[in-house]
Amino acid sequence: MFFAECYKFRHNHRALFRCFPRSLEGIAAQWYREHINPVELKNFDMLINLFIERFIQNVETAPTITTLCYLKQRPGEKVRDFIQRWRSSCNKMRDPISQSHALGLIVNNLTQPLRSLISNAPIKSFIDLTERAECIEAGIENGAFDAVIPVK
């Protein structure tokens with residue numbers, strides 16, 4: 001955001017040094033006031049590097065395929081909510097995966113007994129998965145699968 005607003009000053013380090021602290025809020029502004037002395041900095045790049053070094057951990061990283069493999073349905077979480085949460089995370093990936101790969105990962109990350117009951121069904125789309133999973137989920141809740149689900 002800062003760079004977009006100060007693009008016209010990009011070669012004027014004095015102007016950037018004046019604009020930068022005004023763009024900060026909260027902890028970042030406090031950090032600047034308490035730890036930065038602009039007089040000691042040789043150029044604006046030094047300030048940017050210090051800022052990045054201090055706040056890099058706050059940057060939200062894009063999910064990876066590994067992240068999606070570990071994104072499981074929570075106990076008690078409705079299947080529709082889980083699929084939406086999983087797809088939302090998947091949509092943030094830098095390198096998208098195929099729909100068939102995504103469907104397989106989602107099915108593998110469902111809770112039991114839903115995973116076992118849906119794993120043999122041919123699923124071609126997210127809509128198909130959601131509809132079938134909700135139907136099975138309702139059947140589990142209504143006791144329709146009691147004969148095939150082992151008692152805990």
# chains A, B, ... in the order shown; residues from 1 in each chain; ligands from 1

call {"tool": "closest_atom_pairs", "arguments": {"of": "range 69-98 of chain A", "to": "range 115-122 of chain A", "cutoff": "12 Å", "atoms": "only C-alpha atoms", "output": "tab-separated table"}}
result
residue	atom	partner	partner_atom	distance
A:Lys72	CA	A:Arg115	CA	11.2
A:Gln73	CA	A:Arg115	CA	10.2
A:Val79	CA	A:Arg115	CA	10.5

call {"tool": "residues_around", "arguments": {"residues": "Lys124 in chain A", "least_positions_apart": "3", "cutoff": "10 Å", "atoms": "only C-alpha atoms", "output": "list in words"}}
result
Gln99, Ser100, Leu103, Ala121, Ile127, Asp128 and Leu129 of chain A

call {"tool": "residues_around", "arguments": {"residues": "Pro96 in chain A", "least_positions_apart": "4", "cutoff": "12 Å", "atoms": "only C-alpha atoms", "output": "PyMOL selection string"}}
result
chain A and resi 62-65+68+87+89-92+100-102

call {"tool": "write_last_selection", "arguments": {"atoms": "N, CA and C atoms", "output": "mmCIF file, in the first residue's frame"}}
result
data_model
loop_
_atom_site.group_PDB
_atom_site.id
_atom_site.type_symbol
_atom_site.label_atom_id
_atom_site.label_comp_id
_atom_site.auth_asym_id
_atom_site.auth_seq_id
_atom_site.Cartn_x
_atom_site.Cartn_y
_atom_site.Cartn_z
ATOM 1 N N ALA A 62 0.937 -18.348 1.357
ATOM 2 C CA ALA A 62 -0.018 -19.112 0.551
ATOM 3 C C ALA A 62 0.046 -20.585 0.940
ATOM 4 N N PRO A 63 -1.101 -21.237 1.029
ATOM 5 C CA PRO A 63 -1.104 -22.664 1.354
ATOM 6 C C PRO A 63 -0.387 -23.473 0.272
ATOM 7 N N THR A 64 0.128 -24.618 0.672
ATOM 8 C CA THR A 64 0.778 -25.541 -0.253
ATOM 9 C C THR A 64 -0.036 -26.829 -0.296
ATOM 10 N N ILE A 65 0.377 -27.749 -1.136
ATOM 11 C CA ILE A 65 -0.306 -29.037 -1.209
ATOM 12 C C ILE A 65 -0.205 -29.753 0.138
ATOM 13 N N LEU A 68 -2.864 -28.497 2.474
ATOM 14 C CA LEU A 68 -4.171 -29.069 2.152
ATOM 15 C C LEU A 68 -4.281 -30.520 2.601
ATOM 16 N N ARG A 87 -11.847 -25.555 0.298
ATOM 17 C CA ARG A 87 -11.772 -24.895 -1.015
ATOM 18 C C ARG A 87 -11.263 -23.465 -0.899
ATOM 19 N N SER A 89 -9.130 -22.382 1.278
ATOM 20 C CA SER A 89 -7.683 -22.510 1.429
ATOM 21 C C SER A 89 -7.038 -22.892 0.099
ATOM 22 N N CYS A 90 -7.643 -23.798 -0.621
ATOM 23 C CA CYS A 90 -7.130 -24.248 -1.922
ATOM 24 C C CYS A 90 -7.065 -23.090 -2.918
ATOM 25 N N ASN A 91 -8.044 -22.217 -2.887
ATOM 26 C CA ASN A 91 -8.082 -21.084 -3.815
ATOM 27 C C ASN A 91 -6.963 -20.081 -3.573
ATOM 28 N N LYS A 92 -6.331 -20.136 -2.414
ATOM 29 C CA LYS A 92 -5.228 -19.225 -2.096
ATOM 30 C C LYS A 92 -3.872 -19.765 -2.542
ATOM 31 N N SER A 100 -9.902 -33.120 -9.876
ATOM 32 C CA SER A 100 -9.926 -34.522 -9.434
ATOM 33 C C SER A 100 -8.969 -34.747 -8.263
ATOM 34 N N HIS A 101 -7.809 -34.100 -8.294
ATOM 35 C CA HIS A 101 -6.863 -34.198 -7.178
ATOM 36 C C HIS A 101 -7.471 -33.573 -5.923
ATOM 37 N N ALA A 102 -8.086 -32.414 -6.084
ATOM 38 C CA ALA A 102 -8.718 -31.724 -4.957
ATOM 39 C C ALA A 102 -9.828 -32.575 -4.349
#

call {"tool": "closest_residue", "arguments": {"among": "A:Val148, A:Cys135, A:Leu110, A:Ala28", "to": "Ile56 in chain A", "atoms": "only C-alpha atoms"}}
result
A:Ala28

call {"tool": "residues_around", "arguments": {"residues": "range 7-22 of chain A", "least_positions_apart": "3", "cutoff": "9 Å", "atoms": "only C-alpha atoms", "output": "PDB file with N, CA and C atoms, in the first residue's frame"}}
result
ATOM      1  N   PHE A   2       1.914   1.237   0.855  1.00  0.00           N
ATOM      2  CA  PHE A   2       2.810   2.385   0.954  1.00  0.00           C
ATOM      3  C   PHE A   2       3.441   2.697  -0.398  1.00  0.00           C
ATOM      4  N   PHE A   3       3.955   1.658  -1.063  1.00  0.00           N
ATOM      5  CA  PHE A   3       4.638   1.884  -2.334  1.00  0.00           C
ATOM      6  C   PHE A   3       3.684   2.378  -3.412  1.00  0.00           C
ATOM      7  N   ALA A   4       2.461   1.915  -3.403  1.00  0.00           N
ATOM      8  CA  ALA A   4       1.485   2.378  -4.387  1.00  0.00           C
ATOM      9  C   ALA A   4       1.217   3.869  -4.213  1.00  0.00           C
ATOM     10  N   GLU A  25       0.811   2.089  11.520  1.00  0.00           N
ATOM     11  CA  GLU A  25      -0.182   2.116  12.597  1.00  0.00           C
ATOM     12  C   GLU A  25       0.191   1.079  13.637  1.00  0.00           C
ATOM     13  N   ALA A  28       3.547  -1.448  14.414  1.00  0.00           N
ATOM     14  CA  ALA A  28       4.556  -1.003  13.451  1.00  0.00           C
ATOM     15  C   ALA A  28       4.960   0.444  13.732  1.00  0.00           C
ATOM     16  N   ALA A  29       4.003   1.295  14.033  1.00  0.00           N
ATOM     17  CA  ALA A  29       4.310   2.691  14.358  1.00  0.00           C
ATOM     18  C   ALA A  29       5.112   2.777  15.654  1.00  0.00           C
ATOM     19  N   TYR A  32       8.670   1.745  14.979  1.00  0.00           N
ATOM     20  CA  TYR A  32       9.399   2.807  14.290  1.00  0.00           C
ATOM     21  C   TYR A  32       9.837   3.893  15.280  1.00  0.00           C
ATOM     22  N   ARG A  33       8.911   4.327  16.132  1.00  0.00           N
ATOM     23  CA  ARG A  33       9.230   5.385  17.100  1.00  0.00           C
ATOM     24  C   ARG A  33      10.323   4.956  18.079  1.00  0.00           C
ATOM     25  N   PRO A  38      16.159   7.632  11.747  1.00  0.00           N
ATOM     26  CA  PRO A  38      16.403   7.816  10.314  1.00  0.00           C
ATOM     27  C   PRO A  38      17.769   8.427  10.000  1.00  0.00           C
ATOM     28  N   ASN A  43      20.298   4.831   3.593  1.00  0.00           N
ATOM     29  CA  ASN A  43      19.341   4.984   2.503  1.00  0.00           C
ATOM     30  C   ASN A  43      18.015   4.337   2.897  1.00  0.00           C
ATOM     31  N   PHE A  44      17.021   4.570   2.074  1.00  0.00           N
ATOM     32  CA  PHE A  44      15.679   4.083   2.370  1.00  0.00           C
ATOM     33  C   PHE A  44      15.609   2.564   2.335  1.00  0.00           C
ATOM     34  N   ASP A  45      16.424   1.931   1.491  1.00  0.00           N
ATOM     35  CA  ASP A  45      16.443   0.469   1.425  1.00  0.00           C
ATOM     36  C   ASP A  45      16.809  -0.157   2.769  1.00  0.00           C
ATOM     37  N   LEU A  47      16.005   1.017   5.693  1.00  0.00           N
ATOM     38  CA  LEU A  47      14.783   1.074   6.499  1.00  0.00           C
ATOM     39  C   LEU A  47      13.823  -0.036   6.085  1.00  0.00           C
TER      40      LEU A  47
END

call {"tool": "select_by_dssp", "arguments": {"residues": "range 3-152 of chain A", "states": "alpha helix (DSSP H)", "output": "mmCIF file with C-alpha atoms, in the first residue's frame"}}
result
data_model
loop_
_atom_site.group_PDB
_atom_site.id
_atom_site.type_symbol
_atom_site.label_atom_id
_atom_site.label_comp_id
_atom_site.auth_asym_id
_atom_site.auth_seq_id
_atom_site.Cartn_x
_atom_site.Cartn_y
_atom_site.Cartn_z
ATOM 1 C CA PHE A 3 4.638 1.884 -2.334
ATOM 2 C CA ALA A 4 1.485 2.378 -4.387
ATOM 3 C CA GLU A 5 0.850 5.728 -2.694
ATOM 4 C CA HIS A 13 14.632 8.972 -0.424
ATOM 5 C CA ARG A 14 13.980 12.053 1.721
ATOM 6 C CA ALA A 15 10.333 12.086 0.691
ATOM 7 C CA LEU A 16 10.067 8.338 1.303
ATOM 8 C CA PHE A 17 11.626 8.736 4.760
ATOM 9 C CA ARG A 18 8.968 11.359 5.567
ATOM 10 C CA CYS A 19 6.039 9.349 4.153
ATOM 11 C CA PHE A 20 6.927 5.954 5.596
ATOM 12 C CA PRO A 21 6.274 6.647 9.310
ATOM 13 C CA ARG A 22 2.939 8.288 8.457
ATOM 14 C CA GLY A 26 -0.245 0.210 15.863
ATOM 15 C CA ILE A 27 2.746 -1.996 16.647
ATOM 16 C CA ALA A 28 4.556 -1.003 13.451
ATOM 17 C CA ALA A 29 4.310 2.691 14.358
ATOM 18 C CA GLN A 30 5.466 1.948 17.900
ATOM 19 C CA TRP A 31 8.420 -0.083 16.552
ATOM 20 C CA TYR A 32 9.399 2.807 14.290
ATOM 21 C CA ARG A 33 9.230 5.385 17.100
ATOM 22 C CA GLU A 34 11.180 3.241 19.564
ATOM 23 C CA HIS A 35 13.781 1.571 17.359
ATOM 24 C CA PHE A 44 15.679 4.083 2.370
ATOM 25 C CA ASP A 45 16.443 0.469 1.425
ATOM 26 C CA MET A 46 18.036 -0.015 4.852
ATOM 27 C CA LEU A 47 14.783 1.074 6.499
ATOM 28 C CA ILE A 48 12.754 -1.265 4.311
ATOM 29 C CA ASN A 49 15.081 -4.169 5.119
ATOM 30 C CA LEU A 50 14.788 -3.484 8.863
ATOM 31 C CA PHE A 51 11.004 -3.323 8.571
ATOM 32 C CA ILE A 52 10.810 -6.575 6.619
ATOM 33 C CA GLU A 53 13.196 -8.308 9.026
ATOM 34 C CA ARG A 54 11.004 -7.290 11.966
ATOM 35 C CA PHE A 55 7.567 -8.010 10.473
ATOM 36 C CA ILE A 65 -0.306 -29.037 -1.209
ATOM 37 C CA THR A 66 1.079 -30.183 2.159
ATOM 38 C CA THR A 67 -1.138 -27.661 3.946
ATOM 39 C CA LEU A 68 -4.171 -29.069 2.152
ATOM 40 C CA CYS A 69 -3.184 -32.650 2.991
ATOM 41 C CA VAL A 79 -19.381 -31.457 5.720
ATOM 42 C CA ARG A 80 -20.506 -28.404 3.721
ATOM 43 C CA ASP A 81 -18.577 -26.100 6.087
ATOM 44 C CA PHE A 82 -15.473 -28.272 5.805
ATOM 45 C CA ILE A 83 -15.617 -28.370 2.002
ATOM 46 C CA GLN A 84 -16.015 -24.579 1.875
ATOM 47 C CA ARG A 85 -13.113 -24.087 4.312
ATOM 48 C CA TRP A 86 -10.928 -26.504 2.340
ATOM 49 C CA ARG A 87 -11.772 -24.895 -1.015
ATOM 50 C CA SER A 88 -11.159 -21.429 0.385
ATOM 51 C CA SER A 89 -7.683 -22.510 1.429
ATOM 52 C CA CYS A 90 -7.130 -24.248 -1.922
ATOM 53 C CA ASN A 91 -8.082 -21.084 -3.815
ATOM 54 C CA GLN A 99 -10.324 -30.736 -9.567
ATOM 55 C CA SER A 100 -9.926 -34.522 -9.434
ATOM 56 C CA HIS A 101 -6.863 -34.198 -7.178
ATOM 57 C CA ALA A 102 -8.718 -31.724 -4.957
ATOM 58 C CA LEU A 103 -11.754 -34.003 -4.684
ATOM 59 C CA GLY A 104 -9.537 -36.919 -3.661
ATOM 60 C CA LEU A 105 -7.798 -34.857 -0.991
ATOM 61 C CA ILE A 106 -11.091 -33.619 0.431
ATOM 62 C CA VAL A 107 -12.517 -37.150 0.633
ATOM 63 C CA ASN A 108 -9.332 -38.366 2.369
ATOM 64 C CA LEU A 114 -18.316 -40.370 6.301
ATOM 65 C CA ARG A 115 -14.984 -40.963 4.555
ATOM 66 C CA SER A 116 -15.561 -44.721 4.323
ATOM 67 C CA LEU A 117 -19.152 -44.353 3.158
ATOM 68 C CA ILE A 118 -18.358 -41.862 0.389
ATOM 69 C CA PHE A 126 -17.485 -30.236 -5.920
ATOM 70 C CA ILE A 127 -21.264 -29.938 -6.197
ATOM 71 C CA ASP A 128 -21.524 -33.705 -6.581
ATOM 72 C CA LEU A 129 -19.257 -34.235 -3.567
ATOM 73 C CA THR A 130 -21.161 -31.756 -1.410
ATOM 74 C CA GLU A 131 -24.580 -33.207 -2.281
ATOM 75 C CA ARG A 132 -23.521 -36.827 -1.734
ATOM 76 C CA ALA A 133 -21.623 -36.045 1.459
ATOM 77 C CA GLU A 134 -24.551 -34.083 2.915
ATOM 78 C CA CYS A 135 -26.910 -36.919 2.059
ATOM 79 C CA ILE A 136 -24.640 -39.461 3.769
ATOM 80 C CA GLU A 137 -24.104 -37.099 6.709
ATOM 81 C CA ALA A 138 -27.884 -36.792 7.167
ATOM 82 C CA GLY A 139 -28.200 -40.577 6.954
ATOM 83 C CA ILE A 140 -25.553 -41.024 9.642
ATOM 84 C CA GLU A 141 -27.354 -38.541 11.898
ATOM 85 C CA ASN A 142 -30.704 -40.291 11.310
#

call {"tool": "atom_distance", "arguments": {"atom1": "CA of Cys6 in chain A", "atom2": "CA of Val59 in chain A"}}
result
21.1 Å

call {"tool": "atom_distance", "arguments": {"atom1": "CA of Thr111 in chain A", "atom2": "CA of Phe145 in chain A"}}
result
15.1 Å
